[in-house]
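J.: My file is work-v4.tsv. It has TSV, C-alpha atoms and all ligand atoms:
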```tsv
chain	number	residue	atom	x	y	z
T	1457	MET	CA	227.29	105.31	314.80
T	1458	ALA	CA	226.00	105.65	311.25
T	1459	LEU	CA	226.46	102.53	309.16
T	1460	GLU	CA	228.77	102.83	306.19
T	1461	LEU	CA	227.12	103.55	302.84
T	1462	ASN	CA	228.44	103.02	299.33
T	1463	ASP	CA	231.63	105.11	299.38
T	1464	ALA	CA	231.35	105.94	295.67
T	1465	LEU	CA	228.65	108.33	296.83
T	1466	ASP	CA	231.10	110.40	298.88
T	1467	SER	CA	232.44	112.20	295.83
T	1468	LEU	CA	229.04	112.66	294.19
T	1469	GLN	CA	227.23	115.97	294.48
T	1470	LEU	CA	223.71	116.92	293.51
T	1471	SER	CA	223.44	118.83	290.22
T	1472	GLY	CA	225.08	122.27	290.37
T	1473	ILE	CA	222.48	123.52	287.88
T	1474	ARG	CA	219.67	122.78	290.32
T	1475	ARG	CA	221.66	124.36	293.16
T	1476	ILE	CA	222.08	127.67	291.31
T	1477	THR	CA	218.47	127.57	290.09
T	1478	ALA	CA	217.28	127.10	293.68
T	1479	LYS	CA	219.24	130.20	294.74
T	1480	ALA	CA	217.83	132.16	291.82
T	1481	LYS	CA	214.28	131.15	292.73
T	1482	GLN	CA	214.79	132.57	296.23
T	1483	THR	CA	215.79	135.90	294.67
T	1484	PRO	CA	212.63	137.91	293.90
T	1485	GLY	CA	212.32	138.92	290.23
T	1486	CYS	CA	215.38	136.92	289.14
T	1487	VAL	CA	215.40	135.96	285.44
T	1488	LEU	CA	216.32	132.30	285.03
T	1489	LEU	CA	218.45	131.40	282.04
T	1490	THR	CA	219.61	128.20	283.70
T	1491	LEU	CA	217.41	125.24	282.88
T	1492	GLY	CA	217.75	122.95	279.88
T	1493	GLU	CA	214.03	122.49	279.44
T	1494	PRO	CA	211.89	123.66	276.51
T	1495	ASP	CA	209.46	126.44	277.46
T	1496	GLY	CA	206.68	124.94	275.29
T	1497	ASN	CA	204.28	122.18	276.35
T	1498	THR	CA	203.87	118.68	274.97
T	1499	ALA	CA	201.58	118.68	271.89
T	1500	ASP	CA	197.86	118.14	272.64
T	1501	GLU	CA	197.55	115.11	270.33
T	1502	VAL	CA	200.38	113.43	272.23
T	1503	LYS	CA	198.78	114.16	275.61
T	1504	ARG	CA	195.36	112.95	274.42
T	1505	GLU	CA	196.81	109.55	273.53
T	1506	VAL	CA	197.53	108.88	277.22
T	1507	GLY	CA	193.81	109.26	278.00
T	1508	VAL	CA	192.96	106.85	275.21
T	1509	SER	CA	195.46	104.30	276.52
T	1510	LEU	CA	194.17	104.57	280.09
T	1511	GLU	CA	190.58	104.27	278.90
T	1512	ALA	CA	191.60	101.05	277.13
T	1513	ASN	CA	193.09	99.77	280.41
T	1514	ASP	CA	196.62	99.85	279.10
T	1515	THR	CA	197.71	99.63	282.71
T	1516	HIS	CA	199.43	96.24	282.89
T	1517	TYR	CA	203.10	95.31	282.78
T	1518	PRO	CA	204.36	96.03	279.26
T	1519	PRO	CA	207.24	94.12	277.62
T	1520	ASN	CA	210.51	95.05	279.41
T	1521	ASN	CA	212.17	96.65	276.43
T	1522	GLY	CA	209.05	98.55	275.38
T	1523	LYS	CA	206.06	97.68	273.23
T	1524	GLU	CA	206.72	96.38	269.77
T	1525	GLY	CA	204.79	99.26	268.18
T	1526	LEU	CA	206.97	101.89	269.84
T	1527	ARG	CA	210.20	100.03	269.17
T	1528	ASN	CA	209.22	99.68	265.48
T	1529	THR	CA	208.42	103.38	265.32
T	1530	LEU	CA	211.76	104.23	266.96
T	1531	SER	CA	213.59	101.99	264.52
T	1532	ALA	CA	211.91	103.84	261.61
T	1533	HIS	CA	212.58	107.21	263.26
T	1534	MET	CA	216.29	106.41	263.50
T	1535	ALA	CA	216.33	105.13	259.92
T	1536	ARG	CA	215.14	108.60	258.80
T	1537	ARG	CA	218.30	109.94	260.47
T	1538	GLY	CA	220.48	107.40	258.70
T	1539	LEU	CA	220.75	104.99	261.65
T	1540	SER	CA	220.08	101.33	261.07
T	1541	TYR	CA	218.75	99.63	264.22
T	1542	SER	CA	216.02	97.00	264.17
T	1543	ALA	CA	213.20	97.13	266.73
T	1544	ASP	CA	214.95	94.33	268.63
T	1545	GLU	CA	218.02	96.50	269.04
T	1546	VAL	CA	216.08	99.27	270.78
T	1547	ILE	CA	215.20	99.53	274.48
T	1548	VAL	CA	212.74	102.18	275.68
T	1549	THR	CA	214.16	103.80	278.82
T	1550	CYS	CA	213.29	106.33	281.51
T	1551	GLY	CA	214.80	109.25	279.65
T	1552	ALA	CA	218.29	109.46	278.25
T	1553	THR	CA	219.38	109.48	281.87
T	1554	GLU	CA	218.55	105.79	282.21
T	1555	ALA	CA	219.78	105.10	278.67
T	1556	LEU	CA	223.21	106.48	279.63
T	1557	PHE	CA	223.24	104.51	282.89
T	1558	VAL	CA	222.41	101.33	281.02
T	1559	ALA	CA	224.97	102.00	278.27
T	1560	LEU	CA	227.89	102.80	280.57
T	1561	THR	CA	227.04	100.09	283.10
T	1562	CYS	CA	226.93	97.58	280.26
T	1563	VAL	CA	230.49	98.30	279.09
T	1564	MET	CA	232.32	99.18	282.32
T	1565	ASN	CA	234.31	97.09	284.77
T	1566	PRO	CA	235.74	98.62	287.97
T	1567	GLY	CA	238.85	100.67	287.21
T	1568	ASP	CA	237.93	101.24	283.56
T	1569	GLU	CA	238.53	104.72	282.20
T	1570	VAL	CA	235.90	106.66	280.28
T	1571	ILE	CA	236.96	109.64	278.21
T	1572	VAL	CA	234.55	112.55	278.15
T	1573	PRO	CA	235.29	115.65	276.08
T	1574	THR	CA	234.74	118.64	278.36
T	1575	PRO	CA	232.84	120.92	278.88
T	1576	ALA	CA	230.33	118.15	279.51
T	1577	PHE	CA	226.98	117.38	281.06
T	1578	GLY	CA	227.66	116.29	284.67
T	1579	LEU	CA	225.69	113.06	284.52
T	1580	TYR	CA	228.46	111.12	282.76
T	1581	GLU	CA	230.97	111.62	285.55
T	1582	SER	CA	228.43	110.50	288.17
T	1583	ILE	CA	227.62	107.31	286.26
T	1584	VAL	CA	231.30	106.51	285.76
T	1585	THR	CA	231.93	107.06	289.49
T	1586	LEU	CA	228.99	104.87	290.50
T	1587	ASN	CA	230.41	102.14	288.27
T	1588	ARG	CA	233.75	102.47	290.10
T	1589	GLY	CA	235.41	103.73	286.98
T	1590	VAL	CA	237.67	106.69	286.24
T	1591	PHE	CA	236.36	109.81	284.51
T	1592	VAL	CA	238.98	111.15	282.11
T	1593	ALA	CA	238.32	114.70	280.90
T	1594	LEU	CA	239.45	115.68	277.42
T	1595	ASP	CA	239.59	119.48	277.46
T	1596	THR	CA	238.18	120.90	274.20
T	1597	SER	CA	238.02	124.52	275.37
T	1598	LYS	CA	241.18	125.47	273.43
T	1599	THR	CA	239.99	123.87	270.19
T	1600	GLU	CA	236.62	125.61	269.75
T	1601	PHE	CA	235.00	122.63	271.51
T	1602	GLN	CA	236.09	120.25	268.75
T	1603	ILE	CA	238.03	117.02	269.33
T	1604	ASP	CA	241.70	117.15	268.46
T	1605	ASP	CA	243.31	113.93	267.32
T	1606	GLU	CA	246.54	114.42	269.29
T	1607	ALA	CA	244.77	115.57	272.43
T	1608	LEU	CA	242.51	112.52	272.30
T	1609	ARG	CA	245.44	110.13	271.96
T	1610	SER	CA	247.20	111.85	274.84
T	1611	VAL	CA	244.49	110.85	277.32
T	1612	ALA	CA	244.38	107.20	276.24
T	1613	SER	CA	245.58	104.40	278.50
T	1614	PRO	CA	245.39	100.61	278.50
T	1615	ARG	CA	242.33	101.01	280.77
T	1616	THR	CA	240.41	103.25	278.34
T	1617	LYS	CA	237.08	101.54	277.78
T	1618	ALA	CA	234.77	104.11	276.23
T	1619	ILE	CA	234.36	107.65	275.05
T	1620	VAL	CA	231.12	109.59	275.44
T	1621	ILE	CA	230.31	112.12	272.71
T	1622	THR	CA	227.46	114.60	272.88
T	1623	SER	CA	226.63	116.38	269.67
T	1624	PRO	CA	225.22	118.98	269.74
T	1625	ASN	CA	226.70	119.45	273.14
T	1626	ASN	CA	225.38	120.55	276.49
T	1627	PRO	CA	226.63	123.14	277.57
T	1628	THR	CA	228.34	124.51	274.41
T	1629	GLY	CA	225.64	123.88	271.77
T	1630	CYS	CA	228.49	122.91	269.40
T	1631	ALA	CA	228.15	119.95	267.05
T	1632	TYR	CA	231.24	117.89	266.27
T	1633	ASP	CA	232.57	118.46	262.78
T	1634	GLU	CA	233.75	115.79	260.34
T	1635	GLU	CA	237.36	115.90	261.63
T	1636	SER	CA	236.32	115.49	265.27
T	1637	LEU	CA	234.12	112.51	264.44
T	1638	ALA	CA	236.87	111.00	262.28
T	1639	ALA	CA	239.32	111.37	265.19
T	1640	VAL	CA	236.89	109.50	267.45
T	1641	ALA	CA	236.38	106.77	264.84
T	1642	ARG	CA	240.15	106.23	264.41
T	1643	PHE	CA	240.61	106.21	268.15
T	1644	ALA	CA	237.77	103.73	268.70
T	1645	CYS	CA	239.35	101.32	266.21
T	1646	GLU	CA	242.96	101.72	267.32
T	1647	HIS	CA	242.21	101.42	271.03
T	1648	ASP	CA	239.19	99.12	270.81
T	1649	VAL	CA	236.87	101.30	272.83
T	1650	PHE	CA	233.14	101.83	272.89
T	1651	VAL	CA	231.62	105.07	271.64
T	1652	ILE	CA	228.56	106.17	273.58
T	1653	CYS	CA	226.65	108.74	271.55
T	1654	ASP	CA	224.42	111.02	273.55
T	1655	ASP	CA	222.11	112.23	270.77
T	1656	VAL	CA	219.47	114.00	272.85
T	1657	TYR	CA	219.92	117.24	270.88
T	1658	ALA	CA	220.39	115.66	267.43
T	1659	SER	CA	216.94	116.89	266.27
T	1660	LEU	CA	217.81	120.40	267.39
T	1661	VAL	CA	220.53	121.39	264.94
T	1662	TYR	CA	219.90	124.77	263.29
T	1663	ASP	CA	222.50	124.90	260.56
T	1664	ASP	CA	222.82	122.02	258.08
T	1665	PHE	CA	219.92	119.92	259.34
T	1666	PRO	CA	219.78	116.92	259.30
T	1667	TYR	CA	223.03	116.59	261.18
T	1668	ARG	CA	225.06	113.46	260.41
T	1669	GLY	CA	226.29	112.24	263.76
T	1670	PHE	CA	228.81	109.56	264.63
T	1671	ALA	CA	226.60	106.46	264.36
T	1672	CYS	CA	225.28	107.66	261.02
T	1673	ARG	CA	228.75	108.31	259.57
T	1674	TYR	CA	230.36	105.11	260.87
T	1675	PRO	CA	227.87	102.25	260.47
T	1676	ASP	CA	230.81	99.81	260.22
T	1677	LEU	CA	231.62	100.52	263.88
T	1678	ARG	CA	228.21	99.43	265.12
T	1679	ASP	CA	229.80	96.65	267.20
T	1680	ARG	CA	231.19	99.36	269.51
T	1681	VAL	CA	228.61	102.13	269.27
T	1682	ILE	CA	225.70	102.75	271.65
T	1683	VAL	CA	223.18	105.48	270.83
T	1684	CYS	CA	221.26	107.17	273.66
T	1685	ASP	CA	218.36	109.46	272.83
T	1686	SER	CA	215.33	111.07	274.41
T	1687	PHE	CA	211.86	112.48	273.89
T	1688	SER	CA	212.61	115.25	276.41
T	1689	LYS	CA	214.11	118.05	274.34
T	1690	PRO	CA	212.68	117.89	270.79
T	1691	TYR	CA	209.10	117.15	271.88
T	1692	ALA	CA	208.98	119.20	275.11
T	1693	MET	CA	208.49	115.98	277.11
T	1694	THR	CA	211.00	116.36	279.94
T	1695	GLY	CA	208.45	115.32	282.57
T	1696	TRP	CA	207.46	112.12	280.76
T	1697	ARG	CA	210.86	110.58	281.46
T	1698	LEU	CA	211.06	108.77	278.15
T	1699	GLY	CA	214.09	107.93	276.08
T	1700	TRP	CA	215.74	105.01	274.35
T	1701	VAL	CA	219.01	103.24	273.83
T	1702	ALA	CA	220.01	101.40	270.67
T	1703	ALA	CA	222.95	99.16	269.89
T	1704	ASP	CA	223.98	96.06	267.98
T	1705	ALA	CA	221.90	93.04	269.08
T	1706	SER	CA	224.86	91.52	270.97
T	1707	ILE	CA	225.13	94.64	273.17
T	1708	ALA	CA	221.37	95.31	273.34
T	1709	ALA	CA	220.77	91.84	274.81
T	1710	GLN	CA	223.14	92.62	277.70
T	1711	MET	CA	221.77	96.13	278.22
T	1712	ALA	CA	218.28	94.63	278.45
T	1713	LYS	CA	219.33	92.81	281.63
T	1714	ILE	CA	220.38	96.05	283.33
T	1715	HIS	CA	217.22	97.83	282.22
T	1716	GLN	CA	215.06	94.93	283.40
T	1717	TYR	CA	216.61	94.77	286.87
T	1718	MET	CA	216.75	98.52	287.28
T	1719	VAL	CA	213.28	99.69	286.19
T	1720	SER	CA	211.61	96.64	284.59
T	1721	SER	CA	210.05	98.87	281.93
T	1722	VAL	CA	208.72	102.37	281.31
T	1723	PRO	CA	204.98	102.86	282.04
T	1724	SER	CA	202.67	101.12	279.62
T	1725	PHE	CA	200.11	103.85	278.96
T	1726	VAL	CA	202.61	106.45	277.72
T	1727	GLN	CA	204.00	104.30	274.95
T	1728	ARG	CA	201.31	104.97	272.31
T	1729	ALA	CA	201.65	108.67	273.10
T	1730	ALA	CA	205.39	108.37	272.53
T	1731	GLU	CA	204.65	107.00	269.05
T	1732	ARG	CA	202.49	110.08	268.38
T	1733	ALA	CA	205.33	112.31	269.55
T	1734	LEU	CA	207.63	110.88	266.90
T	1735	GLU	CA	205.11	112.04	264.27
T	1736	GLN	CA	205.54	115.65	265.40
T	1737	ASP	CA	207.36	118.09	263.16
T	1738	VAL	CA	210.27	119.58	265.09
T	1739	ALA	CA	210.98	122.16	262.35
T	1740	PRO	CA	208.86	124.97	263.93
T	1741	ALA	CA	210.67	124.55	267.28
T	1742	ARG	CA	214.00	124.61	265.45
T	1743	GLY	CA	212.99	127.86	263.77
T	1744	VAL	CA	212.12	129.49	267.11
T	1745	TYR	CA	215.33	128.35	268.82
T	1746	ARG	CA	217.39	129.44	265.84
T	1747	GLU	CA	216.01	132.99	266.04
T	1748	ARG	CA	216.70	133.10	269.76
T	1749	ARG	CA	220.21	131.77	269.26
T	1750	ASP	CA	220.98	134.43	266.67
T	1751	TYR	CA	219.66	137.14	268.99
T	1752	VAL	CA	221.71	135.81	271.96
T	1753	LEU	CA	224.88	135.68	269.85
T	1754	ARG	CA	224.39	139.27	268.62
T	1755	ARG	CA	223.94	140.51	272.17
T	1756	LEU	CA	226.93	138.56	273.55
T	1757	ASP	CA	229.07	139.86	270.72
T	1758	ALA	CA	228.00	143.44	271.47
T	1759	MET	CA	229.00	142.89	275.11
T	1760	GLY	CA	232.41	141.61	274.05
T	1761	LEU	CA	231.80	138.13	275.46
T	1762	PRO	CA	233.39	135.68	273.00
T	1763	CYS	CA	231.18	132.67	272.24
T	1764	VAL	CA	231.86	129.74	269.92
T	1765	HIS	CA	228.95	129.56	267.46
T	1766	PRO	CA	226.47	126.94	268.78
T	1767	ALA	CA	225.09	124.79	265.95
T	1768	GLY	CA	222.22	123.43	268.01
T	1769	ALA	CA	220.68	122.53	271.39
T	1770	PHE	CA	219.53	125.66	273.22
T	1771	TYR	CA	222.66	126.84	274.97
T	1772	ALA	CA	225.35	129.46	274.48
T	1773	PHE	CA	228.61	129.11	276.40
T	1774	PRO	CA	230.41	132.45	276.37
T	1775	SER	CA	233.88	132.97	277.85
T	1776	ILE	CA	234.17	135.16	280.94
T	1777	GLU	CA	237.89	134.53	281.23
T	1778	ARG	CA	238.85	138.18	280.92
T	1779	PHE	CA	237.19	139.00	284.24
T	1780	GLY	CA	239.60	136.65	286.01
T	1781	MET	CA	236.87	135.43	288.35
T	1782	PRO	CA	235.75	131.87	289.08
T	1783	SER	CA	232.55	131.11	287.12
T	1784	GLU	CA	230.68	130.25	290.34
T	1785	GLU	CA	231.50	133.67	291.81
T	1786	PHE	CA	230.49	135.37	288.54
T	1787	CYS	CA	227.11	133.62	288.59
T	1788	LEU	CA	226.42	134.19	292.29
T	1789	ARG	CA	227.24	137.90	291.96
T	1790	LEU	CA	225.13	138.13	288.82
T	1791	ILE	CA	222.12	136.80	290.72
T	1792	ASP	CA	222.71	139.07	293.72
T	1793	GLU	CA	223.61	142.24	291.85
T	1794	GLU	CA	221.46	142.10	288.71
T	1795	GLY	CA	218.89	139.35	289.23
T	1796	VAL	CA	219.75	137.02	286.37
T	1797	ALA	CA	220.86	133.41	286.69
T	1798	LEU	CA	223.32	131.58	284.43
T	1799	VAL	CA	225.11	128.29	285.13
T	1800	PRO	CA	228.82	128.37	286.05
T	1801	GLY	CA	231.12	126.57	283.62
T	1802	SER	CA	232.53	124.71	286.63
T	1803	CYS	CA	229.31	122.64	286.66
T	1804	PHE	CA	230.48	121.24	283.31
T	1805	SER	CA	234.15	120.71	284.23
T	1806	ALA	CA	235.12	123.96	282.45
T	1807	GLU	CA	236.29	127.12	284.20
T	1808	GLY	CA	236.15	130.54	282.54
T	1809	PHE	CA	232.72	130.11	280.95
T	1810	VAL	CA	229.03	130.43	281.80
T	1811	ARG	CA	226.08	128.60	280.24
T	1812	LEU	CA	223.11	130.60	279.07
T	1813	SER	CA	219.93	128.64	278.15
T	1814	TYR	CA	217.68	130.23	275.57
T	1815	CYS	CA	214.83	127.75	275.83
T	1816	CYS	CA	212.67	130.35	277.58
T	1817	SER	CA	210.53	133.26	276.39
T	1818	MET	CA	212.08	136.00	274.26
T	1819	GLU	CA	210.98	138.42	276.96
T	1820	SER	CA	213.10	136.60	279.57
T	1821	ILE	CA	216.03	136.33	277.18
T	1822	GLU	CA	215.94	140.09	276.45
T	1823	ALA	CA	215.58	141.03	280.12
T	1824	GLY	CA	218.30	138.58	281.14
T	1825	LEU	CA	220.73	139.87	278.53
T	1826	ASP	CA	220.02	143.52	279.46
T	1827	ARG	CA	220.93	142.67	283.03
T	1828	LEU	CA	224.00	140.67	282.02
T	1829	GLU	CA	225.14	143.64	279.92
T	1830	ARG	CA	224.83	146.01	282.90
T	1831	PHE	CA	226.79	143.55	285.06
T	1832	VAL	CA	229.56	143.22	282.45
T	1833	LEU	CA	229.77	147.01	282.06
T	1834	GLY	CA	230.03	147.30	285.84
T	1835	LEU	CA	232.89	144.79	285.95
T	1836	GLU	CA	234.68	146.57	283.13
T	1837	GLY	CA	234.27	149.88	284.97
T	1838	ALA	CA	235.74	148.34	288.12
T	1839	GLN	CA	238.67	146.92	286.11
T	1840	GLY	CA	239.32	150.47	284.79
U	1901	LIG	C1	223.35	116.06	277.10
U	1901	LIG	C2	222.21	115.50	277.88
U	1901	LIG	N1	222.07	114.17	277.97
U	1901	LIG	C3	221.07	113.60	278.66
U	1901	LIG	C4	220.14	114.38	279.33
U	1901	LIG	C5	219.04	113.70	280.09
U	1901	LIG	O1	217.86	113.75	279.35
U	1901	LIG	P1	216.53	113.01	279.82
U	1901	LIG	O2	215.56	114.08	280.21
U	1901	LIG	O3	216.06	112.28	278.61
U	1901	LIG	O4	216.85	112.10	280.92
U	1901	LIG	C6	220.25	115.78	279.27
U	1901	LIG	C7	219.32	116.63	280.00
U	1901	LIG	O5	219.51	117.81	280.20
U	1901	LIG	C8	221.31	116.35	278.53
U	1901	LIG	O6	221.47	117.67	278.43
```
Kindly return the structure encoded in the file as structure tokens.
T.:
Amino acid sequence: MALELNDALDSLQLSGIRRITAKAKQTPGCVLLTLGEPDGNTADEVKREVGVSLEANDTHYPPNNGKEGLRNTLSAHMARRGLSYSADEVIVTCGATEALFVALTCVMNPGDEVIVPTPAFGLYESIVTLNRGVFVALDTSKTEFQIDDEALRSVASPRTKAIVITSPNNPTGCAYDEESLAAVARFACEHDVFVICDDVYASLVYDDFPYRGFACRYPDLRDRVIVCDSFSKPYAMTGWRLGWVAADASIAAQMAKIHQYMVSSVPSFVQRAAERALEQDVAPARGVYRERRDYVLRRLDAMGLPCVHPAGAFYAFPSIERFGMPSEEFCLRLIDEEGVALVPGSCFSAEGFVRLSYCCSMESIEAGLDRLERFVLGLEGAQG
């Protein structure tokens, strides 16, 4: 008889995005518009720095929270975005994935509820479940993916412990406006909850850059705010597994314990390179993504697929509601019938939508949209 494992794992599934991508990869000639990974490579000067560090035998245990040089550089980097965190309030993590684990684990007790505006990146629910908490979805699909004051209050309970906000968002690409952020701020004060800001796309806002996110607008709430960020998306460094988490010293000291017992530290010889990365100008990448976004929106509009204007990240999240088909079925048929892969909205706790990633070549985007258009025309024909 198999021994019993952690039963929190029973309800956890591997990422739906990877599942659909695996199917697409088995389909010859399929165009993949599924992954949230920049198509460019890490800058040469960043890569070279790893060689320099290895040559200098930077191969020993580094300080748990990250080297002072990198933490100072991160503190300055955040200051340029209007965030005030000293180097001692920053922990270098294995991507935003670890940062989010550390942040949520730090604030949660079993049974605590965590509000997540949906559609949302699936990781949050998994972390909440592993911490024996309750994931509470706040549906934003009827409010153009913005947070409505009333709706937020309606999901509150005495067990509400935190809210996770992702702006710009994966999968919608939408950035929270002033009213949404104000609603979260009021809520955080009235209900005494933590606000976990997933800022991994904050450098990738195409309209009105720099974007003023929650932590920047509400410095007075720093006793309940935790900022998670990453090198992955703006610097094309997904494979480096580097990110950071920042919070008031009282919270950072507790998070440091989790980080220390979970991973000890990130590798030593990538930390100088990470400093180089923060010197990179993200503006050219923003320009490229912006052009692609505008092209994608024009094409979706021409197909009659309504899409809330994404302010950043590299995703569009059009509605497929009018076809009256589950998003998973839509995506599986799209792969089989036309050879293009999108991610079902159901992977983000949102039915009636599909996610299209435009962080791939223009050639793939054009081919993928041509195929999507044929598929949509076919469905319309079948509907009469
Ligand atoms: C919203 C969001 N948060 C966090 C992550 C994880 O990023 P990292 O590669 O830094 O672990 C991702 C990755 O896709 C993401 O989309």
J.: Which one of T:Gln1727, T:Thr1561, T:Ser1467, T:Thr1515 sits closest to T:Ile1682 if you count all atoms listed in the file?
T.: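 Residue with the minimum atom-to-atom distance to T:Ile1682: T:Thr1561.
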J.: Let me see if you get this right: every residue at most 7 Å from ligand LIG 1901 (chain U), counting only C-alpha atoms and all ligand atoms, written as a ChimeraX atom specification.
T.: /T:1492,1550-1554,1577,1622,1625-1626,1654,1656,1685-1688,1694,1697-1699
J.: Quick one: pull the distance between atom CA of T:Gln1602 and atom CA of T:Ile1776, Å, one decimal.
T.: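 Value for the atom CA of T:Gln1602-atom CA of T:Ile1776 distance: 19.4 Å.
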J.: May I ask which of the residues T:Val1487, T:Pro1627, T:Arg1673, T:Gln1482 is the closest one to T:Val1796, counting only C-alpha atoms?
T.: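 Of all the options, T:Val1487 lies closest to T:Val1796.
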J.: Considering only C-alpha atoms, state which residue in the set T:Pro1723, T:Pro1762, T:Gly1578, T:Pro1740 is at the smallest distance from T:Glu1600.
T.: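 Looking only at the distances to T:Glu1600, the closest residue turns out to be T:Pro1762.
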J.: In Å to one decimal, how far is atom CA of T:Ala1806 from atom CA of T:Val1701?
T.: 27.6 Å
J.: Work out where the centre of an axis-aligned box around every listed atom of stretch 1822-1838 of chain T lies and how long its edges are once 6 Å is added on each side; give both in Å to one decimal as JSON.
T.:
```
{"center_x": 225.7, "center_y": 144.2, "center_z": 282.3, "size_x": 32.2, "size_y": 23.3, "size_z": 23.7}
```
J.: Could you tell me how far atom CA of T:Gly1834 lies from atom CA of T:Cys1816, in Å and to one decimal?
T.: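 Spanning atom CA of T:Gly1834 to atom CA of T:Cys1816 is a straight-line distance of 25.6 Å.
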J.: Neighbouring residues of stretch 1743-1755 of chain T were defined as those with any atom within 7 Å, considering all atoms listed in the file; residues of the same chain fewer than 3 positions away were excluded. Please report them as a PDB file with C-alpha atoms, in the frame of the given file.
T.:
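Result file around_7.pdb:
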```
ATOM      1  CA  TYR T1662     219.900 124.770 263.290  1.00  0.00           C
ATOM      2  CA  ALA T1739     210.980 122.160 262.350  1.00  0.00           C
ATOM      3  CA  PRO T1740     208.860 124.970 263.930  1.00  0.00           C
ATOM      4  CA  ALA T1758     228.000 143.440 271.470  1.00  0.00           C
ATOM      5  CA  MET T1759     229.000 142.890 275.110  1.00  0.00           C
ATOM      6  CA  PHE T1770     219.530 125.660 273.220  1.00  0.00           C
ATOM      7  CA  TYR T1814     217.680 130.230 275.570  1.00  0.00           C
TER       8      TYR T1814
END
```
J.: Can you work out which one of T:Gly1795, T:Pro1675, T:Pro1774, T:Pro1518 has the shortest atom-to-atom distance to T:Ala1703, counting only C-alpha atoms?
T.: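 Of T:Gly1795, T:Pro1675, T:Pro1774, T:Pro1518, the one nearest T:Ala1703, counting only C-alpha atoms, is T:Pro1675.
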J.: I'd like to know which of T:Asn1497, T:Thr1529, T:Ser1775, T:Asn1513 is closest to T:Ser1542, using all atoms listed in the file.
T.: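 Nearest to T:Ser1542: T:Thr1529.
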J.: Show which residues sit within 8 Å of stretch 1781-1788 of chain T, as a ChimeraX atom specification. Count all atoms listed in the file, and ignore same-chain residues fewer than 2 positions away.
T.: /T:1476,1776-1777,1779,1790-1792,1797-1802,1807-1810
J.: Mind checking which residues fall within 8 Å of T:Gly1567, counting all atoms listed in the file, ignoring those fewer than 2 positions away in the same chain, and posting them as an mmCIF file with C-alpha atoms, in the frame of the given file?
T.:
```cif
data_model
loop_
_atom_site.group_PDB
_atom_site.id
_atom_site.type_symbol
_atom_site.label_atom_id
_atom_site.label_comp_id
_atom_site.auth_asym_id
_atom_site.auth_seq_id
_atom_site.Cartn_x
_atom_site.Cartn_y
_atom_site.Cartn_z
ATOM 1 C CA ASN T 1565 234.310 97.090 284.770
ATOM 2 C CA GLU T 1569 238.530 104.720 282.200
ATOM 3 C CA ARG T 1588 233.750 102.470 290.100
ATOM 4 C CA GLY T 1589 235.410 103.730 286.980
ATOM 5 C CA VAL T 1590 237.670 106.690 286.240
ATOM 6 C CA ARG T 1615 242.330 101.010 280.770
#
```
